[in-house]
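File shown: my_file.csv. Contents: CSV, C-alpha atoms.
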chain,number,residue,atom,x,y,z
A,8,MET,CA,-106.6,206.7,0.6
A,9,SER,CA,-104.1,205.0,-1.7
A,10,VAL,CA,-100.7,203.6,-1.8
A,11,ASP,CA,-98.7,204.4,-4.9
A,12,THR,CA,-97.2,201.4,-6.7
A,13,TYR,CA,-95.2,200.9,-9.8
A,14,THR,CA,-96.5,198.1,-11.9
A,15,SER,CA,-95.4,196.5,-15.1
A,16,THR,CA,-97.7,196.2,-18.1
A,17,THR,CA,-98.0,192.5,-17.5
A,18,HIS,CA,-100.2,190.7,-15.0
A,19,ALA,CA,-98.4,191.2,-11.8
A,20,THR,CA,-96.5,193.8,-9.9
A,21,VAL,CA,-92.8,193.4,-10.3
A,22,GLN,CA,-90.8,195.1,-7.6
A,23,LEU,CA,-87.3,195.1,-9.1
A,24,PRO,CA,-85.2,198.2,-9.8
A,25,GLN,CA,-84.5,197.3,-13.4
A,26,VAL,CA,-88.2,197.3,-14.2
A,27,THR,CA,-88.8,201.0,-13.6
A,28,GLU,CA,-85.2,202.4,-13.5
A,29,PRO,CA,-82.1,201.9,-15.5
A,30,ARG,CA,-80.1,199.3,-13.5
A,31,ASN,CA,-77.0,200.6,-11.8
A,32,ALA,CA,-74.2,199.7,-14.2
A,33,GLY,CA,-71.5,200.7,-11.8
A,34,MET,CA,-68.4,202.6,-12.7
A,35,PRO,CA,-64.6,202.3,-12.3
A,36,LEU,CA,-63.4,202.6,-8.7
A,37,ASP,CA,-62.7,206.3,-8.0
A,38,LEU,CA,-60.4,206.4,-5.0
A,39,ASN,CA,-60.3,210.1,-4.8
A,40,TRP,CA,-64.1,210.2,-4.3
A,41,VAL,CA,-64.0,207.3,-1.8
A,42,LEU,CA,-61.2,208.7,0.3
A,43,GLY,CA,-62.7,212.2,0.2
A,44,ALA,CA,-65.9,210.9,1.9
A,45,GLN,CA,-66.1,212.0,5.5
A,46,ALA,CA,-68.6,211.8,8.3
A,47,ASN,CA,-69.2,214.5,11.0
A,48,THR,CA,-70.6,212.2,13.7
A,49,SER,CA,-72.0,214.8,16.0
A,50,ALA,CA,-73.8,216.6,13.2
A,51,ILE,CA,-75.1,213.4,11.8
A,52,GLU,CA,-76.4,212.3,15.2
A,53,ARG,CA,-78.1,215.7,15.7
A,54,ARG,CA,-79.8,215.4,12.4
A,55,ALA,CA,-80.9,211.8,13.0
A,56,ALA,CA,-82.3,212.7,16.4
A,57,SER,CA,-84.4,215.5,15.0
A,58,ILE,CA,-86.5,213.3,12.8
A,59,PRO,CA,-88.6,211.4,15.4
A,60,ALA,CA,-88.8,214.6,17.5
A,61,ARG,CA,-90.2,216.6,14.6
A,62,ARG,CA,-92.1,214.2,12.5
A,63,SER,CA,-95.4,213.0,13.9
A,64,VAL,CA,-98.3,211.8,11.8
A,65,LYS,CA,-101.7,210.9,13.2
A,66,LYS,CA,-105.0,209.3,12.2
A,67,ALA,CA,-105.6,208.7,8.5
A,68,TYR,CA,-102.2,210.0,7.6
A,69,GLN,CA,-100.5,207.6,10.0
A,70,ALA,CA,-102.5,204.7,8.5
A,71,ALA,CA,-101.5,205.7,5.0
A,72,TRP,CA,-97.8,205.8,6.0
A,73,LEU,CA,-98.1,202.4,7.6
A,74,LEU,CA,-99.7,200.8,4.6
A,75,LYS,CA,-96.9,202.2,2.5
A,76,ALA,CA,-94.4,200.6,5.0
A,77,VAL,CA,-96.1,197.2,4.5
A,78,THR,CA,-95.4,197.3,0.7
A,79,CYS,CA,-91.7,197.9,1.5
A,80,ILE,CA,-91.1,195.0,3.9
A,81,ASP,CA,-88.9,192.1,3.0
A,82,LEU,CA,-90.7,189.4,5.0
A,83,THR,CA,-87.9,187.2,6.3
A,84,THR,CA,-87.2,183.9,7.9
A,85,LEU,CA,-83.6,183.0,8.5
A,86,SER,CA,-83.7,180.3,11.2
A,87,GLY,CA,-81.9,177.0,11.4
A,88,ASP,CA,-85.2,175.3,11.9
A,89,ASP,CA,-86.9,176.7,8.8
A,90,THR,CA,-89.1,174.2,6.9
A,91,ALA,CA,-91.0,174.3,3.7
A,92,ARG,CA,-94.2,174.5,5.6
A,93,ARG,CA,-93.0,177.5,7.6
A,94,VAL,CA,-91.9,179.2,4.4
A,95,GLY,CA,-95.3,178.4,2.9
A,96,ARG,CA,-97.0,180.2,5.8
A,97,LEU,CA,-94.7,183.1,5.4
A,98,CYS,CA,-95.5,183.4,1.7
A,99,ALA,CA,-99.2,183.3,2.5
A,100,LYS,CA,-98.7,186.2,4.8
A,101,ALA,CA,-96.7,188.0,2.1
A,102,ARG,CA,-99.6,187.6,-0.4
A,103,GLN,CA,-102.1,189.1,2.1
A,104,PRO,CA,-100.2,190.9,4.9
A,105,ILE,CA,-103.2,193.0,6.0
A,106,ALA,CA,-106.7,191.6,6.7
A,107,SER,CA,-109.2,192.3,4.0
A,108,ASN,CA,-111.6,194.0,6.5
A,109,VAL,CA,-108.9,196.5,7.5
A,110,LEU,CA,-108.1,197.3,3.8
A,111,ASN,CA,-111.8,197.7,3.1
A,112,ALA,CA,-112.1,200.2,5.9
A,113,PHE,CA,-109.5,202.3,4.2
A,114,ASP,CA,-111.0,201.7,0.7
A,115,MET,CA,-107.7,200.1,-0.3
A,116,PRO,CA,-107.1,197.4,-2.9
A,117,PRO,CA,-105.1,194.3,-1.9
A,118,ILE,CA,-101.4,195.0,-1.2
A,119,THR,CA,-98.4,192.7,-0.8
A,120,VAL,CA,-95.0,193.0,0.9
A,121,GLY,CA,-91.9,193.8,-1.1
A,122,ALA,CA,-90.3,190.4,-1.1
A,123,VAL,CA,-89.8,187.2,0.8
A,124,CYS,CA,-86.2,186.6,2.1
A,125,VAL,CA,-84.9,183.1,2.9
A,126,TYR,CA,-81.9,180.9,2.9
A,127,HIS,CA,-80.9,179.1,-0.3
A,128,GLU,CA,-82.5,175.8,0.8
A,129,MET,CA,-85.9,177.4,1.1
A,130,ILE,CA,-85.9,179.1,-2.3
A,131,ALA,CA,-87.8,176.4,-4.1
A,132,PRO,CA,-90.8,176.3,-1.7
A,133,ALA,CA,-90.9,180.1,-1.6
A,134,VAL,CA,-90.9,180.3,-5.4
A,135,THR,CA,-93.7,177.7,-5.6
A,136,ALA,CA,-95.8,179.5,-3.0
A,137,LEU,CA,-95.4,182.9,-4.7
A,138,ARG,CA,-95.8,181.8,-8.3
A,139,GLY,CA,-98.0,184.3,-10.2
A,140,THR,CA,-98.0,187.0,-7.5
A,141,GLY,CA,-95.1,189.1,-8.8
A,142,ILE,CA,-93.5,189.0,-5.3
A,143,PRO,CA,-89.8,188.3,-5.7
A,144,VAL,CA,-87.9,185.7,-3.6
A,145,ALA,CA,-84.7,187.1,-2.1
A,146,ALA,CA,-82.0,184.7,-0.9
A,147,VAL,CA,-79.2,185.6,1.5
A,148,SER,CA,-75.9,184.4,0.1
A,149,THR,CA,-72.1,184.6,0.1
A,150,GLY,CA,-71.5,182.8,3.5
A,151,PHE,CA,-74.2,184.8,5.3
A,152,PRO,CA,-74.0,186.2,7.9
A,153,ALA,CA,-70.2,186.3,8.4
A,154,GLY,CA,-69.1,186.2,4.7
A,155,LEU,CA,-65.9,184.3,5.5
A,156,SER,CA,-66.2,181.3,3.2
A,157,PRO,CA,-63.8,181.1,0.3
A,158,LEU,CA,-64.6,183.5,-2.5
A,159,PRO,CA,-65.2,180.8,-5.2
A,160,LEU,CA,-67.8,179.2,-2.9
A,161,ARG,CA,-69.5,182.5,-2.3
A,162,ILE,CA,-69.8,183.1,-6.0
A,163,ALA,CA,-71.0,179.6,-6.6
A,164,GLU,CA,-73.6,180.1,-3.9
A,165,ILE,CA,-75.0,183.2,-5.7
A,166,GLU,CA,-75.1,181.3,-9.0
A,167,GLN,CA,-77.0,178.4,-7.5
A,168,SER,CA,-79.5,180.6,-5.8
A,169,VAL,CA,-80.2,182.5,-9.0
A,170,ALA,CA,-80.6,179.1,-10.8
A,171,ALA,CA,-83.1,178.0,-8.1
A,172,GLY,CA,-85.3,181.0,-8.8
A,173,ALA,CA,-84.2,183.8,-6.5
A,174,ALA,CA,-84.8,187.2,-8.2
A,175,GLU,CA,-82.9,189.1,-5.5
A,176,ILE,CA,-79.6,188.2,-3.8
A,177,ASP,CA,-78.6,189.7,-0.4
A,178,ILE,CA,-74.8,189.4,-0.3
A,179,VAL,CA,-72.5,190.2,2.6
A,180,ILE,CA,-69.2,192.0,2.1
A,181,SER,CA,-65.9,191.1,3.7
A,182,ARG,CA,-65.7,193.5,6.6
A,183,ARG,CA,-61.9,193.2,6.8
A,184,HIS,CA,-61.5,195.0,3.5
A,185,VAL,CA,-63.2,198.0,5.0
A,186,LEU,CA,-61.4,197.9,8.3
A,187,GLU,CA,-58.1,197.6,6.5
A,188,GLY,CA,-59.0,200.3,4.0
A,189,ASN,CA,-58.5,197.9,1.1
A,190,TRP,CA,-61.0,199.5,-1.2
A,191,GLN,CA,-59.8,197.8,-4.4
A,192,ALA,CA,-60.3,194.4,-2.8
A,193,LEU,CA,-63.9,195.4,-1.7
A,194,TYR,CA,-64.6,196.7,-5.2
A,195,ASP,CA,-63.3,193.6,-6.9
A,196,GLU,CA,-65.3,191.4,-4.6
A,197,MET,CA,-68.5,193.3,-5.0
A,198,ARG,CA,-68.0,193.4,-8.8
A,199,ALA,CA,-67.6,189.6,-8.9
A,200,PHE,CA,-70.8,189.2,-6.9
A,201,ARG,CA,-72.7,191.6,-9.2
A,202,VAL,CA,-71.5,189.6,-12.3
A,203,ALA,CA,-72.5,186.3,-10.6
A,204,CYS,CA,-76.0,187.7,-10.0
A,205,GLY,CA,-76.7,188.2,-13.7
A,206,ASP,CA,-80.2,189.6,-14.0
A,207,ALA,CA,-80.9,189.1,-10.3
A,208,HIS,CA,-81.1,192.2,-8.2
A,209,VAL,CA,-78.2,192.4,-5.7
A,210,LYS,CA,-78.3,194.0,-2.2
A,211,ALA,CA,-74.9,194.6,-0.6
A,212,ILE,CA,-75.0,194.1,3.2
A,213,LEU,CA,-72.4,196.3,4.8
A,214,ALA,CA,-72.8,195.0,8.4
A,215,THR,CA,-72.4,198.6,9.5
A,216,GLY,CA,-72.3,197.7,13.2
A,217,GLU,CA,-68.9,196.0,12.5
A,218,LEU,CA,-67.3,198.7,10.3
A,219,GLY,CA,-65.9,200.8,13.1
A,220,SER,CA,-66.9,204.3,12.1
A,221,LEU,CA,-69.5,206.3,10.1
A,222,ARG,CA,-66.7,207.4,7.7
A,223,ASN,CA,-66.1,203.7,6.9
A,224,VAL,CA,-69.9,203.3,6.3
A,225,ALA,CA,-69.8,206.2,3.8
A,226,ARG,CA,-66.8,204.8,2.0
A,227,ALA,CA,-68.0,201.2,1.8
A,228,SER,CA,-71.4,202.5,0.5
A,229,LEU,CA,-69.7,204.3,-2.3
A,230,VAL,CA,-67.5,201.4,-3.3
A,231,CYS,CA,-70.3,198.9,-3.4
A,232,MET,CA,-72.4,201.3,-5.6
A,233,MET,CA,-69.4,201.9,-7.9
A,234,ALA,CA,-69.2,198.1,-8.2
A,235,GLY,CA,-72.8,197.8,-9.3
A,236,ALA,CA,-74.9,197.2,-6.2
A,237,ASP,CA,-78.6,197.6,-6.9
A,238,PHE,CA,-79.2,198.2,-3.1
A,239,ILE,CA,-77.1,198.9,-0.1
A,240,LYS,CA,-78.3,197.4,3.1
A,241,THR,CA,-77.2,198.1,6.7
A,242,SER,CA,-77.0,194.7,8.4
A,243,THR,CA,-77.6,191.0,8.4
A,244,GLY,CA,-79.8,191.3,11.5
A,245,LYS,CA,-77.3,189.1,13.3
A,246,GLU,CA,-74.9,191.8,14.5
A,247,THR,CA,-75.0,193.3,18.0
A,248,VAL,CA,-75.8,196.7,16.4
A,249,ASN,CA,-78.0,196.8,13.3
A,250,ALA,CA,-79.9,199.6,11.6
A,251,THR,CA,-79.7,203.0,13.2
A,252,LEU,CA,-80.8,206.4,12.1
A,253,PRO,CA,-77.3,207.9,12.0
A,254,VAL,CA,-76.1,205.0,9.8
A,255,THR,CA,-79.1,205.4,7.6
A,256,LEU,CA,-78.4,209.1,7.1
A,257,VAL,CA,-74.8,208.4,6.0
A,258,MET,CA,-75.9,205.7,3.6
A,259,ILE,CA,-78.7,207.6,2.0
A,260,ARG,CA,-76.6,210.6,1.5
A,261,ALA,CA,-74.0,208.4,-0.2
A,262,ILE,CA,-76.9,207.2,-2.4
A,263,ARG,CA,-77.9,210.8,-3.2
A,264,ASP,CA,-74.3,211.7,-4.1
A,265,TYR,CA,-74.0,208.6,-6.3
A,266,PHE,CA,-77.2,209.6,-8.1
A,267,ASP,CA,-76.0,213.2,-8.6
A,268,HIS,CA,-72.7,211.9,-10.1
A,269,THR,CA,-74.0,209.0,-12.2
A,270,GLY,CA,-77.8,209.4,-12.7
A,271,TYR,CA,-78.4,205.9,-11.3
A,272,ARG,CA,-80.8,205.4,-8.4
A,273,VAL,CA,-79.6,202.8,-5.9
A,274,GLY,CA,-82.0,201.4,-3.3
A,275,TYR,CA,-81.7,201.3,0.5
A,276,LYS,CA,-82.6,198.6,3.0
A,277,PRO,CA,-82.3,199.1,6.8
A,278,ALA,CA,-82.4,195.7,8.5
A,279,GLY,CA,-82.4,194.5,12.0
A,280,GLY,CA,-83.9,196.2,15.1
A,281,ILE,CA,-86.9,197.9,13.3
A,282,SER,CA,-89.9,196.3,15.0
A,283,LYS,CA,-92.3,199.2,15.8
A,284,ALA,CA,-94.7,200.9,13.5
A,285,LYS,CA,-93.6,204.3,14.7
A,286,ASP,CA,-90.0,203.5,13.8
A,287,ALA,CA,-91.1,202.6,10.3
A,288,ILE,CA,-92.7,206.0,9.9
A,289,THR,CA,-89.5,207.7,11.2
A,290,TYR,CA,-87.4,205.9,8.5
A,291,LEU,CA,-89.9,206.7,5.8
A,292,ALA,CA,-89.9,210.4,6.8
A,293,LEU,CA,-86.1,210.4,6.7
A,294,ILE,CA,-86.0,208.9,3.2
A,295,LYS,CA,-88.6,211.4,2.0
A,296,GLU,CA,-86.7,214.4,3.3
A,297,GLU,CA,-83.3,213.2,2.1
A,298,LEU,CA,-84.0,211.4,-1.1
A,299,GLY,CA,-87.5,212.4,-2.1
A,300,ASP,CA,-90.7,210.6,-2.9
A,301,ARG,CA,-89.3,208.4,-5.7
A,302,TRP,CA,-87.4,206.4,-3.1
A,303,LEU,CA,-90.6,205.6,-1.2
A,304,GLN,CA,-91.3,202.7,-3.5
A,305,PRO,CA,-90.5,199.0,-3.0
A,306,ASP,CA,-88.1,199.0,-5.9
A,307,LEU,CA,-85.9,201.5,-4.1
A,308,PHE,CA,-86.6,201.0,-0.4
A,309,ARG,CA,-87.1,197.9,1.8
A,310,PHE,CA,-87.3,197.1,5.5
A,311,GLY,CA,-85.5,194.0,6.5
A,312,ALA,CA,-88.0,192.9,9.1
A,313,SER,CA,-90.8,190.5,10.0
A,314,SER,CA,-91.9,191.5,13.5
A,315,LEU,CA,-92.5,195.0,12.1
A,316,LEU,CA,-95.5,193.7,10.2
A,317,ASN,CA,-97.0,192.4,13.4
A,318,ASP,CA,-97.0,195.8,15.0
A,319,ILE,CA,-98.2,197.6,11.9
A,320,GLU,CA,-101.2,195.2,11.8
A,321,ARG,CA,-102.1,196.0,15.4
A,322,GLN,CA,-101.8,199.7,14.8
A,323,LEU,CA,-104.0,199.6,11.7
A,324,GLU,CA,-106.6,197.4,13.4
A,325,HIS,CA,-106.7,199.9,16.3
A,326,HIS,CA,-107.3,202.7,13.8
A,327,VAL,CA,-110.3,200.8,12.4
A,328,THR,CA,-111.8,199.4,15.6
A,329,GLY,CA,-110.4,201.5,18.4
A,330,ASN,CA,-109.0,198.4,20.1
A,331,TYR,CA,-105.5,196.8,20.1
A,332,SER,CA,-105.5,193.1,19.2
A,333,ALA,CA,-103.3,190.6,20.8
A,334,THR,CA,-100.0,190.0,19.1
A,335,TYR,CA,-100.7,186.3,18.7
A,336,ARG,CA,-103.6,187.1,16.3
A,337,HIS,CA,-101.0,188.3,13.7
A,338,PRO,CA,-98.6,185.4,13.2
A,339,THR,CA,-96.2,185.7,10.2
A,340,SER,CA,-95.2,182.0,9.9
Exercise: express the given structure as structure tokens:
Amino acid sequence: MSVDTYTSTTHATVQLPQVTEPRNAGMPLDLNWVLGAQANTSAIERRAASIPARRSVKKAYQAAWLLKAVTCIDLTTLSGDDTARRVGRLCAKARQPIASNVLNAFDMPPITVGAVCVYHEMIAPAVTALRGTGIPVAAVSTGFPAGLSPLPLRIAEIEQSVAAGAAEIDIVISRRHVLEGNWQALYDEMRAFRVACGDAHVKAILATGELGSLRNVARASLVCMMAGADFIKTSTGKETVNATLPVTLVMIRAIRDYFDHTGYRVGYKPAGGISKAKDAITYLALIKEELGDRWLQPDLFRFGASSLLNDIERQLEHHVTGNYSATYRHPTS
């Protein structure tokens, strides 16, 4: 059993889109394309509901999918009481997310998660703890989670996080631009964020639970990609409604359309509310069917989750031993 990975020719795995793919350069805002994007809600919901009903993998196949899911997790701590010590423990988990005896049972080499995601103040301890591993540090930015601070401050926040060593920046868009249909303003904002990120990889958080409709989700996805987003992401994890399968279907079809038009592959990150191993497999199956195997790599797909890893560990241990371990035996921080 193996998990495919894309590695650089240097010492460590580097899980950034610009390493293995031409980076999304963006394009001029095409309002005809944006306004032509529609969403048939009933059809989307039927399609989304069919995935968990039809796709069931068992035994060794299930274990392989779960190991793949681990490599695509952005291991995250975004709490007001975060400390350097807590982040250090999280980074230790990122370096070895699955116990060596479990990996040995599957004849697997060591694996890591996709990234560690923190607030700006925790970038320095995360960078120190992950040095030499190739695991990127992601920082939430731009007035996360509401995104309502003044634009110059949001841009400065990005620049400071990049300077501190963040290789990925998770930005939040201004939801009001979507709700008001001000697509030019959203494009200009996203473009400014992309420029401020420089070489750092930028994930655009749409906060889909606050956008009002699936049509708005489709249009916001296209605008952010046109402005140069490397990834589009569902949620901050702080909204009442976070990642869902219907929203995922809309966003990944926008990604597919964008690739067909431009040749650039943009990544996807569902975040918030994904805590069970079976849900991870459902999302991976949907990505495989709609976008293909290339998107099942950590440079193009991430889960925004931490509790998910806990359940995956328990499922893998059950596969090896026949017993479920207690949740407390798999702390993340």
At a cut-off of 10 Å, can you tabulate as a Markdown table every residue of stretch 158-201 of chain A near stretch 235-255 of chain A together with its closest atom pair and the distance in Å to one decimal, using all atoms listed in the file and ordering rows by chain then number?
| residue | atom | partner | partner_atom | distance |
| --- | --- | --- | --- | --- |
| A:Glu175 | CA | A:Asp237 | CA | 9.6 |
| A:Ile176 | CA | A:Asp237 | CA | 9.9 |
| A:Asp177 | CA | A:Lys240 | CA | 8.5 |
| A:Ile178 | CA | A:Thr243 | CA | 9.3 |
| A:Val179 | CA | A:Thr243 | CA | 7.8 |
| A:Tyr194 | CA | A:Gly235 | CA | 9.2 |
| A:Met197 | CA | A:Gly235 | CA | 7.6 |
| A:Arg198 | CA | A:Gly235 | CA | 6.5 |
| A:Ala199 | CA | A:Gly235 | CA | 9.7 |
| A:Phe200 | CA | A:Ala236 | CA | 9.0 |
| A:Arg201 | CA | A:Gly235 | CA | 6.2 |
- Length of the atom CA of A:Thr78 to atom CA of A:Lys66 vector [Å]: 19.2 Å
- Message: Which residue is closest to A:Pro143? Choose from A:Arg93, A:Arg272, A:His184, A:His208 and count only C-alpha atoms.
- Response: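 Closest to A:Pro143, using only C-alpha atoms: A:His208.
Proximity of A:Thr328, A:Ser314, A:Gln167, A:Asn223 to A:Thr83, computed with all atoms listed in the file, is greatest for A:Ser314.
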- What does the distance from atom CA of A:Asn47 to atom CA of A:Leu221 come to in Å, to one decimal?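 For atom CA of A:Asn47 relative to atom CA of A:Leu221, the distance reads 8.3 Å.
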